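Participant: File protein_32.cif follows (mmCIF, C-alpha atoms):
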data_start
#
loop_
_atom_site.label_atom_id
_atom_site.label_comp_id
_atom_site.auth_asym_id
_atom_site.auth_seq_id
_atom_site.Cartn_x
_atom_site.Cartn_y
_atom_site.Cartn_z
CA MET A 1 47.70 4.76 1.41
CA ASN A 2 51.50 4.67 1.14
CA GLU A 3 51.71 8.00 -0.64
CA PRO A 4 55.18 9.48 -0.89
CA ARG A 5 55.15 12.89 0.71
CA ASP A 6 58.11 14.60 2.23
CA GLN A 7 56.78 16.86 4.96
CA GLU A 8 60.03 18.73 5.38
CA LEU A 9 60.34 19.42 1.69
CA SER A 10 56.72 20.50 1.58
CA ARG A 11 57.27 22.92 4.45
CA LEU A 12 60.37 24.33 2.85
CA TYR A 13 58.55 24.70 -0.44
CA ARG A 14 55.69 26.58 1.19
CA GLU A 15 58.17 29.00 2.72
CA THR A 16 59.63 29.92 -0.64
CA GLU A 17 58.69 33.10 -2.38
CA THR A 18 54.98 33.01 -3.16
CA LEU A 19 54.85 34.30 -6.67
CA GLU A 20 51.52 35.39 -8.06
CA PRO A 21 50.30 36.44 -11.47
CA PRO A 22 50.49 40.16 -12.32
CA ARG A 23 47.45 42.31 -11.70
CA ARG A 24 46.85 42.94 -15.37
CA ILE A 25 46.46 39.21 -15.97
CA ASP A 26 43.97 38.99 -13.15
CA ASP A 27 41.98 41.89 -14.60
CA ALA A 28 41.97 40.44 -18.07
CA ILE A 29 40.77 37.03 -16.90
CA LEU A 30 38.11 38.40 -14.57
CA ALA A 31 36.82 40.80 -17.20
CA ALA A 32 36.52 37.94 -19.67
CA SER A 33 34.73 35.82 -17.09
CA ARG A 34 32.21 38.60 -16.41
CA ARG A 35 31.60 39.15 -20.10
CA THR A 36 30.96 35.47 -20.60
CA ALA A 37 28.68 35.22 -17.58
CA ASP A 38 26.59 38.14 -18.82
CA SER A 39 26.54 37.21 -22.46
CA ARG A 40 24.95 33.80 -22.68
CA PRO A 41 22.97 31.38 -20.60
CA ARG A 42 24.49 28.15 -19.49
CA PRO A 43 23.98 25.66 -22.27
CA VAL A 44 24.71 22.70 -20.05
CA ARG A 45 21.16 23.05 -18.74
CA ALA A 46 19.88 22.41 -22.23
CA GLY A 47 22.27 19.50 -22.46
CA LEU A 48 20.99 18.24 -19.16
CA VAL A 49 17.41 18.54 -20.31
CA ARG A 50 18.29 16.80 -23.54
CA ARG A 51 19.97 13.98 -21.68
CA LEU A 52 17.15 13.60 -19.22
CA SER A 53 14.34 13.87 -21.74
CA ALA A 54 14.46 10.22 -22.79
CA PRO A 55 14.50 8.79 -19.25
CA MET A 56 11.79 11.23 -18.22
CA ALA A 57 9.62 10.23 -21.17
CA LEU A 58 10.15 6.59 -20.34
CA ALA A 59 9.27 7.16 -16.72
CA ALA A 60 6.13 9.06 -17.70
CA THR A 61 5.09 6.24 -20.04
CA VAL A 62 5.63 3.63 -17.36
CA LEU A 63 3.68 5.69 -14.85
CA LEU A 64 0.81 6.22 -17.28
CA THR A 65 0.70 2.53 -18.19
CA PHE A 66 0.73 1.54 -14.55
CA THR A 67 -2.06 3.97 -13.72
CA VAL A 68 -4.26 2.83 -16.61
CA THR A 69 -3.63 -0.83 -15.75
CA LEU A 70 -4.51 -0.17 -12.15
CA MET A 71 -7.74 1.57 -13.15
CA VAL A 72 -8.73 -1.27 -15.47
CA PHE A 73 -8.13 -3.89 -12.81
CA GLN A 74 -10.06 -1.90 -10.26
CA ASP A 75 -13.06 -1.58 -12.59
CA ALA A 76 -12.87 -5.16 -13.88
CA PRO A 77 -14.63 -6.95 -10.96
CA GLU A 78 -17.56 -4.52 -11.06
CA ALA A 79 -17.87 -4.83 -14.81
CA ASP A 80 -17.61 -8.61 -14.58
CA LYS A 81 -20.49 -8.71 -12.15
CA ALA A 82 -22.61 -6.60 -14.42
CA GLN A 83 -21.68 -8.77 -17.36
CA THR A 84 -22.55 -11.97 -15.47
CA GLY A 85 -25.81 -10.50 -14.39
CA MET A 86 -26.68 -9.52 -17.92
CA LYS A 87 -25.81 -12.96 -19.22
CA ALA A 88 -27.93 -14.68 -16.60
CA GLY A 89 -30.82 -12.36 -17.23
CA GLY A 90 -30.45 -12.85 -20.94
CA ALA A 91 -30.54 -16.62 -20.55
CA ASP A 92 -33.69 -16.27 -18.53
CA SER A 93 -35.36 -14.23 -21.18
CA ARG A 94 -34.17 -16.33 -24.06
CA ALA A 95 -35.49 -19.43 -22.40
CA GLU A 96 -38.91 -18.12 -21.61
CA LYS A 97 -39.73 -14.87 -23.38
CA PRO A 98 -38.53 -12.81 -26.31
CA VAL A 99 -36.33 -9.97 -25.26
CA PRO A 100 -37.77 -6.54 -25.89
CA ALA A 101 -35.99 -4.46 -28.46
CA GLU A 102 -35.16 -1.87 -25.85
CA ALA A 103 -33.41 -4.45 -23.71
CA LYS A 104 -31.54 -5.85 -26.67
CA SER A 105 -30.21 -2.48 -27.64
CA ALA A 106 -29.16 -1.79 -24.10
CA ARG A 107 -27.42 -5.11 -23.63
CA ALA A 108 -25.20 -5.01 -26.71
CA PRO A 109 -23.10 -1.94 -25.89
CA GLN A 110 -22.84 -3.00 -22.30
CA ALA A 111 -21.45 -6.35 -23.25
CA GLU A 112 -18.93 -4.69 -25.52
CA SER A 113 -17.78 -2.28 -22.88
CA ARG A 114 -17.12 -4.98 -20.34
CA ARG A 115 -13.56 -3.86 -19.69
CA ASP A 116 -14.22 -0.22 -19.12
CA ALA A 117 -17.78 -0.24 -17.86
CA PRO A 118 -18.24 2.82 -15.73
CA SER A 119 -20.77 2.94 -12.97
CA THR A 120 -23.38 4.68 -15.14
CA GLN A 121 -23.32 1.81 -17.60
CA LEU A 122 -23.63 -0.59 -14.73
CA ARG A 123 -26.72 1.22 -13.52
CA GLU A 124 -28.21 1.13 -17.01
CA ALA A 125 -27.66 -2.61 -17.13
CA ILE A 126 -29.42 -3.02 -13.82
CA ASP A 127 -32.35 -0.91 -15.00
CA THR A 128 -32.63 -2.92 -18.18
CA LEU A 129 -32.67 -6.14 -16.23
CA GLY A 130 -35.30 -4.72 -13.98
CA LYS A 131 -37.53 -3.80 -16.90
CA ARG A 132 -37.08 -7.21 -18.41
CA GLN A 133 -37.91 -8.89 -15.16
CA GLY A 134 -41.04 -6.78 -14.85
CA LEU A 135 -42.14 -7.85 -18.30
CA GLN A 136 -41.63 -11.48 -17.42
CA GLU A 137 -43.63 -11.15 -14.26
CA SER A 138 -46.56 -9.59 -16.01
CA GLN A 139 -46.57 -12.43 -18.52
CA GLU A 140 -46.05 -15.14 -15.95
CA SER A 141 -48.80 -14.17 -13.64
CA GLN A 142 -50.20 -17.69 -13.75
CA GLU A 143 -47.01 -19.32 -12.56
CA PRO A 144 -46.25 -19.82 -8.92
CA ARG A 145 -44.51 -16.99 -7.15
CA ARG A 146 -41.87 -19.39 -6.13
CA ALA A 147 -40.45 -19.18 -9.61
CA ARG A 148 -39.67 -15.48 -9.22
CA GLU A 149 -38.79 -15.06 -5.61
CA SER A 150 -35.48 -16.65 -5.02
CA GLU A 151 -33.61 -17.71 -1.94
CA PRO A 152 -30.52 -15.65 -2.76
CA MET A 153 -32.72 -12.62 -2.95
CA ARG A 154 -33.85 -13.30 0.56
CA ALA A 155 -30.30 -13.82 1.60
CA SER A 156 -29.48 -10.39 0.34
CA ARG A 157 -32.04 -9.02 2.76
CA PRO A 158 -31.68 -11.03 5.94
CA THR A 159 -34.27 -8.97 7.80
CA GLN A 160 -36.91 -10.12 5.29
CA SER A 161 -38.39 -12.69 7.66
CA ALA A 162 -41.81 -11.14 8.12
CA PRO A 163 -44.70 -13.62 8.13
CA SER A 164 -46.19 -11.94 5.09
CA ALA A 165 -43.17 -12.75 2.94
CA PRO A 166 -43.07 -16.40 2.06
CA ALA A 167 -39.72 -17.58 0.79
CA PRO A 168 -39.82 -20.87 -0.98
CA SER A 169 -36.59 -22.47 -2.08
CA ALA A 170 -35.29 -21.41 -5.44
CA SER A 171 -34.44 -23.49 -8.41
CA PRO A 172 -30.81 -23.69 -9.60
CA ARG A 173 -31.61 -21.64 -12.67
CA GLN A 174 -32.99 -18.86 -10.59
CA GLU A 175 -29.97 -18.91 -8.32
CA ALA A 176 -27.78 -18.49 -11.29
CA ALA A 177 -29.87 -15.59 -12.43
CA SER A 178 -30.30 -13.87 -9.15
CA THR A 179 -26.98 -14.42 -7.45
CA PRO A 180 -25.18 -11.72 -9.36
CA ARG A 181 -28.05 -9.39 -8.75
CA SER A 182 -28.02 -9.82 -5.03
CA ALA A 183 -24.26 -10.09 -4.84
CA GLY A 184 -23.90 -7.11 -7.08
CA GLY A 185 -26.18 -5.08 -4.90
CA VAL A 186 -29.05 -4.73 -7.33
CA GLY A 187 -31.19 -3.36 -4.61
CA ALA A 188 -34.02 -2.03 -6.71
CA LEU A 189 -34.86 -5.38 -8.24
CA ALA A 190 -34.49 -7.34 -5.03
CA GLY A 191 -36.55 -4.82 -3.15
CA ARG A 192 -39.31 -4.90 -5.68
CA SER A 193 -39.59 -8.74 -5.51
CA ALA A 194 -39.63 -8.65 -1.76
CA ASP A 195 -42.41 -6.11 -1.85
CA GLU A 196 -44.44 -8.39 -4.07
CA ALA A 197 -43.89 -11.20 -1.62
CA LYS A 198 -45.18 -8.97 1.09
CA GLU A 199 -48.18 -7.99 -0.99
CA ARG A 200 -49.32 -11.58 -1.52
CA SER A 201 -51.89 -12.07 1.10
CA PRO A 202 -52.71 -15.49 2.62
CA GLU A 203 -55.90 -15.51 0.63
CA LYS A 204 -54.05 -14.92 -2.60
CA TRP A 205 -51.56 -17.61 -1.71
CA LEU A 206 -54.38 -20.06 -1.02
CA GLU A 207 -55.95 -19.10 -4.28
CA ASP A 208 -52.71 -19.93 -6.04
CA ILE A 209 -52.62 -23.28 -4.30
CA ARG A 210 -56.13 -23.97 -5.47
CA LYS A 211 -55.07 -23.18 -9.01
CA LEU A 212 -52.21 -25.61 -8.71
CA LYS A 213 -54.59 -28.29 -7.57
CA ALA A 214 -56.93 -27.49 -10.40
CA GLN A 215 -54.03 -27.92 -12.81
CA ASP A 216 -53.29 -31.37 -11.28
CA LYS A 217 -50.05 -30.14 -9.84
CA THR A 218 -50.71 -31.84 -6.60
CA PRO A 219 -47.13 -32.25 -5.35
CA GLU A 220 -46.46 -28.59 -5.90
CA ALA A 221 -49.73 -27.63 -4.29
CA GLU A 222 -48.93 -29.71 -1.25
CA ARG A 223 -45.48 -28.20 -1.02
CA GLU A 224 -46.98 -24.76 -1.20
CA LEU A 225 -49.52 -25.66 1.39
CA ALA A 226 -46.85 -26.97 3.72
CA GLU A 227 -44.97 -23.77 3.22
CA PHE A 228 -48.11 -21.81 3.91
CA ARG A 229 -48.70 -23.70 7.16
CA LYS A 230 -45.21 -23.08 8.21
CA ARG A 231 -45.54 -19.41 7.43
CA TYR A 232 -49.04 -18.97 8.89
CA PRO A 233 -49.40 -21.64 11.58
CA GLU A 234 -52.39 -19.84 13.16
CA TYR A 235 -54.30 -19.39 9.94
CA ARG A 236 -57.45 -21.40 9.67
CA LEU A 237 -57.36 -23.20 6.33
CA PRO A 238 -60.51 -23.46 4.24
CA GLU A 239 -62.25 -26.79 4.07
CA ASP A 240 -61.17 -27.61 0.54
CA LEU A 241 -57.52 -27.27 1.40
CA ARG A 242 -57.44 -29.14 4.68
CA MET B 243 28.40 31.57 9.10
CA GLY B 244 27.73 29.05 6.35
CA ARG B 245 30.37 26.73 5.05
CA GLU B 246 32.62 27.81 2.26
CA SER B 247 31.44 26.75 -1.16
CA SER B 248 33.47 24.03 -2.81
CA ASP B 249 35.32 24.66 -6.04
CA GLU B 250 32.81 22.57 -7.88
CA GLU B 251 29.85 24.47 -6.47
CA LEU B 252 31.46 27.76 -7.44
CA MET B 253 32.05 26.54 -10.96
CA LEU B 254 28.45 25.39 -11.29
CA ARG B 255 27.25 28.75 -10.01
CA TYR B 256 29.46 30.44 -12.52
CA GLY B 257 27.89 28.25 -15.16
CA ASP B 258 24.55 29.65 -14.05
CA GLY B 259 25.80 33.17 -14.63
CA ASP B 260 27.24 34.05 -11.23
CA ALA B 261 30.37 36.00 -12.11
CA GLY B 262 31.18 36.42 -8.43
CA ALA B 263 31.52 32.67 -8.08
CA PHE B 264 34.19 32.60 -10.72
CA GLU B 265 36.01 35.47 -9.03
CA ALA B 266 36.10 33.53 -5.76
CA LEU B 267 37.28 30.43 -7.57
CA TYR B 268 39.96 32.34 -9.41
CA HIS B 269 41.35 33.99 -6.30
CA ARG B 270 41.45 30.62 -4.59
CA HIS B 271 43.64 29.02 -7.27
CA ARG B 272 45.39 31.77 -9.17
CA GLY B 273 48.64 31.58 -7.12
CA PRO B 274 49.11 27.80 -7.17
CA VAL B 275 48.31 27.47 -10.85
CA TYR B 276 50.59 30.34 -11.73
CA ARG B 277 53.47 28.95 -9.69
CA PHE B 278 52.92 25.50 -11.15
CA LEU B 279 53.37 26.94 -14.62
CA LEU B 280 56.14 29.37 -13.80
CA ARG B 281 58.27 26.75 -12.09
CA GLN B 282 57.81 24.42 -14.99
CA ILE B 283 58.67 26.96 -17.63
CA ALA B 284 61.04 29.26 -15.74
CA ASP B 285 59.98 32.05 -18.06
CA SER B 286 57.50 34.51 -16.58
CA ALA B 287 56.25 35.80 -19.93
CA VAL B 288 55.48 32.31 -21.18
CA ALA B 289 54.07 31.32 -17.81
CA GLU B 290 51.71 34.31 -17.86
CA GLU B 291 50.58 33.45 -21.34
CA LEU B 292 49.92 29.84 -20.42
CA PHE B 293 48.27 30.91 -17.19
CA GLN B 294 45.89 33.20 -19.00
CA ASP B 295 45.18 30.52 -21.54
CA VAL B 296 44.34 27.99 -18.83
CA TRP B 297 41.84 30.29 -17.16
CA MET B 298 40.28 31.36 -20.42
CA ARG B 299 39.65 27.71 -21.13
CA VAL B 300 37.94 27.44 -17.77
CA VAL B 301 35.81 30.46 -18.66
CA ASP B 302 34.92 29.02 -22.04
CA SER B 303 34.02 25.68 -20.51
CA ARG B 304 31.49 27.09 -18.09
CA GLY B 305 28.58 25.81 -20.16
CA ARG B 306 29.97 22.30 -20.41
CA TYR B 307 31.28 21.90 -16.90
CA GLU B 308 30.06 18.86 -15.02
CA ILE B 309 31.29 17.49 -11.73
CA ARG B 310 33.20 14.42 -12.75
CA ALA B 311 36.30 15.05 -10.68
CA LYS B 312 37.74 17.69 -8.41
CA PHE B 313 37.93 21.11 -9.93
CA THR B 314 41.66 21.24 -9.21
CA SER B 315 42.20 18.00 -11.12
CA TRP B 316 40.42 19.51 -14.08
CA VAL B 317 42.30 22.82 -13.97
CA TYR B 318 45.69 21.17 -13.60
CA THR B 319 44.82 18.80 -16.41
CA ILE B 320 44.25 21.84 -18.60
CA ALA B 321 47.53 23.31 -17.36
CA HIS B 322 49.35 20.07 -18.02
CA ASN B 323 47.97 19.90 -21.55
CA ARG B 324 48.99 23.49 -22.22
CA LEU B 325 52.47 22.69 -20.97
CA MET B 326 52.67 19.69 -23.27
CA ASP B 327 51.63 21.86 -26.18
CA PHE B 328 54.30 24.34 -25.26
CA TYR B 329 56.98 21.68 -24.93
CA ARG B 330 56.08 20.15 -28.26
CA ALA B 331 56.01 23.52 -29.95
CA ASN B 332 59.46 24.27 -28.60
CA GLY B 333 61.10 20.93 -29.24
CA ARG B 334 61.27 20.01 -25.59
CA ALA B 335 59.12 16.92 -25.76
CA LYS B 336 62.11 14.73 -25.01
CA PHE B 337 62.08 16.09 -21.48
CA LEU B 338 58.48 15.21 -20.84
CA ASN B 339 58.87 11.62 -19.74
CA GLN B 340 62.46 11.68 -18.68
CA GLU B 341 62.91 9.44 -15.68
CA GLU B 342 65.76 9.01 -13.30
CA SER B 343 67.51 5.66 -13.14
CA GLU B 344 67.04 3.34 -10.23
CA ALA B 345 70.70 3.92 -9.41
CA ALA B 346 70.08 7.59 -8.84
CA LEU B 347 67.39 6.73 -6.33
CA GLU B 348 69.54 4.17 -4.60
CA ASN B 349 72.44 6.59 -4.28
CA ALA B 350 70.28 9.34 -2.93
CA PRO B 351 70.55 10.32 0.70
CA GLY B 352 68.02 9.07 3.21
CA ASP B 353 64.76 10.66 4.23
CA GLU B 354 66.35 12.58 7.06
CA MET B 355 66.68 16.26 6.32
CA PRO B 356 70.19 17.59 7.02
CA ALA B 357 70.29 19.43 10.34
CA ASP B 358 71.72 22.62 8.93
CA LEU B 359 68.86 22.68 6.37
CA ARG B 360 66.71 24.27 9.01
CA LEU B 361 69.13 27.12 9.79
CA ASP B 362 68.64 29.46 6.94
CA ARG B 363 65.12 29.08 5.62
CA LYS B 364 65.40 31.71 3.02
CA ARG B 365 68.59 30.43 1.51
CA THR B 366 67.32 26.92 1.72
CA GLY B 367 64.14 27.92 -0.06
CA GLU B 368 66.13 29.42 -2.88
CA ARG B 369 68.19 26.29 -3.16
CA LEU B 370 65.05 24.19 -3.17
CA LEU B 371 63.55 26.19 -5.99
CA ALA B 372 66.78 25.83 -7.94
CA ALA B 373 66.76 22.09 -7.32
CA ILE B 374 63.15 21.88 -8.44
CA SER B 375 63.98 23.67 -11.65
CA GLU B 376 66.67 21.10 -12.34
CA LEU B 377 64.37 18.13 -11.87
CA PRO B 378 63.29 16.24 -14.97
CA ALA B 379 60.07 17.78 -16.26
CA ALA B 380 57.86 14.83 -15.38
CA GLN B 381 59.18 14.63 -11.83
CA ARG B 382 58.99 18.37 -11.41
CA GLU B 383 55.43 18.36 -12.63
CA ALA B 384 54.46 15.58 -10.24
CA PHE B 385 56.14 17.41 -7.38
CA LEU B 386 54.48 20.74 -8.21
CA LEU B 387 51.08 19.17 -8.67
CA GLN B 388 51.41 17.62 -5.24
CA GLN B 389 52.61 20.83 -3.62
CA GLU B 390 50.62 23.49 -5.43
CA GLY B 391 47.56 21.51 -6.38
CA ASP B 392 47.49 19.44 -3.18
CA MET B 393 46.63 16.52 -5.37
CA SER B 394 46.75 12.82 -4.54
CA LEU B 395 48.64 10.24 -6.56
CA GLU B 396 45.47 9.30 -8.37
CA GLU B 397 44.63 12.88 -9.19
CA ILE B 398 48.12 13.56 -10.48
CA ALA B 399 47.93 10.38 -12.51
CA GLY B 400 44.61 11.52 -13.98
CA ALA B 401 45.89 14.99 -14.79
CA THR B 402 49.10 13.81 -16.41
CA GLY B 403 47.75 10.73 -18.15
CA VAL B 404 49.93 8.13 -16.46
CA ASN B 405 49.23 5.44 -13.91
CA ARG B 406 49.47 5.80 -10.17
CA GLU B 407 52.68 3.80 -9.83
CA THR B 408 54.42 6.00 -12.34
CA VAL B 409 53.45 9.09 -10.35
CA LYS B 410 54.62 7.43 -7.18
CA SER B 411 57.93 6.63 -8.78
CA ARG B 412 58.34 10.15 -10.13
CA LEU B 413 57.70 11.63 -6.72
CA ARG B 414 60.18 9.31 -5.06
CA TYR B 415 62.83 10.29 -7.56
CA ALA B 416 61.99 13.97 -7.13
CA PHE B 417 62.24 13.81 -3.34
CA ALA B 418 65.49 11.90 -3.52
CA LYS B 419 67.03 14.37 -5.92
CA LEU B 420 65.88 17.43 -4.00
CA ARG B 421 67.21 16.02 -0.74
CA ALA B 422 70.47 15.18 -2.44
CA THR B 423 70.82 18.66 -3.88
CA LEU B 424 69.99 20.36 -0.62
CA GLY B 425 72.37 18.05 1.23
CA LYS B 426 75.24 18.76 -1.09
CA ALA B 427 74.59 22.50 -1.01
CA SER B 428 74.62 22.52 2.73
#
Please, can you express the file's structure as structure tokens?
Facilitator:
Amino acid sequence: MNEPRDQELSRLYRETETLEPPRRIDDAILAASRRTADSRPRPVRAGLVRRLSAPMALAATVLLTFTVTLMVFQDAPEADKAQTGMKAGGADSRAEKPVPAEAKSARAPQAESRRDAPSTQLREAIDTLGKRQGLQESQESQEPRRARESEPMRASRPTQSAPSAPAPSASPRQEAASTPRSAGGVGALAGRSADEAKERSPEKWLEDIRKLKAQDKTPEAERELAEFRKRYPEYRLPEDLR
Amino acid sequence: MGRESSDEELMLRYGDGDAGAFEALYHRHRGPVYRFLLRQIADSAVAEELFQDVWMRVVDSRGRYEIRAKFTSWVYTIAHNRLMDFYRANGRAKFLNQEESEAALENAPGDEMPADLRLDRKRTGERLLAAISELPAAQREAFLLQQEGDMSLEEIAGATGVNRETVKSRLRYAFAKLRATLGKAS
């Protein structure tokens, strides 16, 4: 540090007469200090608050922005799934049947609120899709079941391998429509379709195959029949279908 | 027993309204600050006035006090400024930055204290105080700030508004002159 300091001089200086201020000066200063301490609060606190207010506001803004961003990104995948599901379902309906007014009105706000779709809106979308699907099924009763019961739906319920539930392969369009449902956990819809598959008895299935034959859809009828044999190997087929 | 509060902590507490903190702070530094002023001015009435003024400025600054440096540096800076005001008001500004020549330092006796300096402490002390009073103001101030304020070169430089090397030089001159005076007197 190389600081000049003469220890001997310092010691000599300390031994000199230690003069102190007179008592009256002490009293005057201490009295003034007490008066000041009692009279007013410390304004430096206000100054401190003033100085810190801008950084604190900035920090609060950053925190709020971060939180909101985090929430949006957390909700986005769920909302995207719902949106995809709605689009697929909508394409289905547009291609085959007119969409009911109720479904239309339900779809529009859901599509608009894609970014901030809460779980209640997601459930509403699922319900709307379910209703729409039900309408289609009632109007498509003459079409093969294969067109409504998709492979992805079965994949979503791996235990659905009971003999009473035939599971023909799905068309690409149906995969597109049903994938988001099964992936998104649309359990109600998937469960309902699986129940229908269970409900179709072998006799009903054979009846459908007969209808296909009657409509000259022989390749489809044969495919259905092969599927039937695979599903019910012990079942004795009627003469007309052997 | 807890540690003794620092000067800065006491001043902050005083800023929060703790009058006792100021009292402790005052009693800790009243003697050194008073002696610093008295030995600069050599007039007890003026020294008392300046002393009171310094502490009243401390009292008035309680709301604005922030820890930017040691409390002692701040107080002695106030004292230094009051001294400068006094010097200017009394036409003594020419003394403020008076420096000794290099020759004076070269001709000064060595660092060894004369042997007989230790014999009569009281008389030696009186001679020392007389020698201090005869130092140029800037050197005397640097010496007193070091002795009374226990301040480093940097702190003295900060309080007096000069650079570290200037303070170092002033102290060297002051030591040399004091040793020379005490040597001659003995």
Participant: For chain B against chain A, with a cut-off of 6 Å and counting only C-alpha atoms, what is the closest atom pair and its distance in Å to one decimal for every residue that makes the cut, ordered by chain and number, as CSV?
Facilitator:
residue,atom,partner,partner_atom,distance
B:Gly257,CA,A:Arg42,CA,5.5
B:Asp258,CA,A:Arg42,CA,5.6
B:Gly259,CA,A:Ala37,CA,4.6
B:Ala261,CA,A:Arg34,CA,5.4
B:Gly273,CA,A:Glu20,CA,4.9
B:Val301,CA,A:Ser33,CA,5.7
B:Gly305,CA,A:Arg42,CA,4.8
B:Arg306,CA,A:Val44,CA,5.3
B:Gly367,CA,A:Thr16,CA,5.0
Participant: Carefully work through the PyMOL selection byres ((chain B and resi 412) around 10) for this structure and note down the residues it includes, as a list in words.
Facilitator: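 That selection, the PyMOL selection byres ((chain B and resi 412) around 10), comes back as Pro4 of chain A; Asn339, Gln340, Glu341, Glu342, Pro378, Ala379, Ala380, Gln381, Arg382, Glu383, Ala384, Phe385, Arg406, Glu407, Thr408, Val409, Lys410, Ser411, Leu413, Arg414, Tyr415, Ala416, Phe417 and Ala418 of chain B.
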Participant: Written as a list in words, which residues does the PyMOL selection byres ((chain B and resi 280-289) around 8) give for the file shown?
Facilitator: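 Checking the PyMOL selection byres ((chain B and resi 280-289) around 8) against this file, the residues are Tyr276, Arg277, Phe278, Leu279, Glu290, Glu291, Leu292, Phe293, Ile374, Ser375, Ala379, Arg382 and Glu383 of chain B.
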Participant: With C-alpha atoms retained, write the just-selected residues as a PDB file, keeping the file's coordinate frame.
Facilitator:
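Generated file (selection_23.pdb):
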ATOM      1  CA  TYR B 276      50.590  30.340 -11.730  1.00  0.00           C
ATOM      2  CA  ARG B 277      53.470  28.950  -9.690  1.00  0.00           C
ATOM      3  CA  PHE B 278      52.920  25.500 -11.150  1.00  0.00           C
ATOM      4  CA  LEU B 279      53.370  26.940 -14.620  1.00  0.00           C
ATOM      5  CA  GLU B 290      51.710  34.310 -17.860  1.00  0.00           C
ATOM      6  CA  GLU B 291      50.580  33.450 -21.340  1.00  0.00           C
ATOM      7  CA  LEU B 292      49.920  29.840 -20.420  1.00  0.00           C
ATOM      8  CA  PHE B 293      48.270  30.910 -17.190  1.00  0.00           C
ATOM      9  CA  ILE B 374      63.150  21.880  -8.440  1.00  0.00           C
ATOM     10  CA  SER B 375      63.980  23.670 -11.650  1.00  0.00           C
ATOM     11  CA  ALA B 379      60.070  17.780 -16.260  1.00  0.00           C
ATOM     12  CA  ARG B 382      58.990  18.370 -11.410  1.00  0.00           C
ATOM     13  CA  GLU B 383      55.430  18.360 -12.630  1.00  0.00           C
TER      14      GLU B 383
END
Participant: Rank nothing, just name the residue among B:Glu251, B:Gln389, B:Glu397, B:Val296 nearest to Ile309 of chain B, using only C-alpha atoms.
Facilitator: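 Answer, going by the shortest atom-to-atom distance: B:Glu251.
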Participant: To one decimal place in Å, what is the distance between atom CA of Glu308 of chain B and atom CA of Ser248 of chain B?
Facilitator: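 These atoms are spaced 13.7 Å apart.
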Participant: Quick one, how far is atom CA of Asp27 of chain A from atom CA of Val275 of chain B?
Facilitator: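 Spanning atom CA of Asp27 of chain A to atom CA of Val275 of chain B is a straight-line distance of 16.2 Å.
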Participant: I'd like the interatomic distance between atom CA of Trp297 of chain B and atom CA of Arg24 of chain A, to a tenth of an Å.
Facilitator: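 Taking atom CA of Trp297 of chain B as the start and atom CA of Arg24 of chain A as the end point, the length is 13.7 Å.
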Participant: Applied to the shown file, which residues does the PyMOL selection byres ((chain B and resi 318-326) around 8) return, written as a PyMOL selection string?
Facilitator: chain B and resi 275+279+292-293+296+299+314-317+327-330+335+338+387+391+400-402
Participant: Could those residues be written to a file, using C-alpha atoms, as a PDB file, in the coordinates of the input?
Facilitator:
ATOM      1  CA  VAL B 275      48.310  27.470 -10.850  1.00  0.00           C
ATOM      2  CA  LEU B 279      53.370  26.940 -14.620  1.00  0.00           C
ATOM      3  CA  LEU B 292      49.920  29.840 -20.420  1.00  0.00           C
ATOM      4  CA  PHE B 293      48.270  30.910 -17.190  1.00  0.00           C
ATOM      5  CA  VAL B 296      44.340  27.990 -18.830  1.00  0.00           C
ATOM      6  CA  ARG B 299      39.650  27.710 -21.130  1.00  0.00           C
ATOM      7  CA  THR B 314      41.660  21.240  -9.210  1.00  0.00           C
ATOM      8  CA  SER B 315      42.200  18.000 -11.120  1.00  0.00           C
ATOM      9  CA  TRP B 316      40.420  19.510 -14.080  1.00  0.00           C
ATOM     10  CA  VAL B 317      42.300  22.820 -13.970  1.00  0.00           C
ATOM     11  CA  ASP B 327      51.630  21.860 -26.180  1.00  0.00           C
ATOM     12  CA  PHE B 328      54.300  24.340 -25.260  1.00  0.00           C
ATOM     13  CA  TYR B 329      56.980  21.680 -24.930  1.00  0.00           C
ATOM     14  CA  ARG B 330      56.080  20.150 -28.260  1.00  0.00           C
ATOM     15  CA  ALA B 335      59.120  16.920 -25.760  1.00  0.00           C
ATOM     16  CA  LEU B 338      58.480  15.210 -20.840  1.00  0.00           C
ATOM     17  CA  LEU B 387      51.080  19.170  -8.670  1.00  0.00           C
ATOM     18  CA  GLY B 391      47.560  21.510  -6.380  1.00  0.00           C
ATOM     19  CA  GLY B 400      44.610  11.520 -13.980  1.00  0.00           C
ATOM     20  CA  ALA B 401      45.890  14.990 -14.790  1.00  0.00           C
ATOM     21  CA  THR B 402      49.100  13.810 -16.410  1.00  0.00           C
TER      22      THR B 402
END
Participant: Pick out the closest residue to Glu396 of chain B from this set: B:Val300, B:Asn332, B:His269, B:Lys312. Count all atoms listed in the file.
Facilitator: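 Looking only at the distances to Glu396 of chain B, the closest residue turns out to be B:Lys312.
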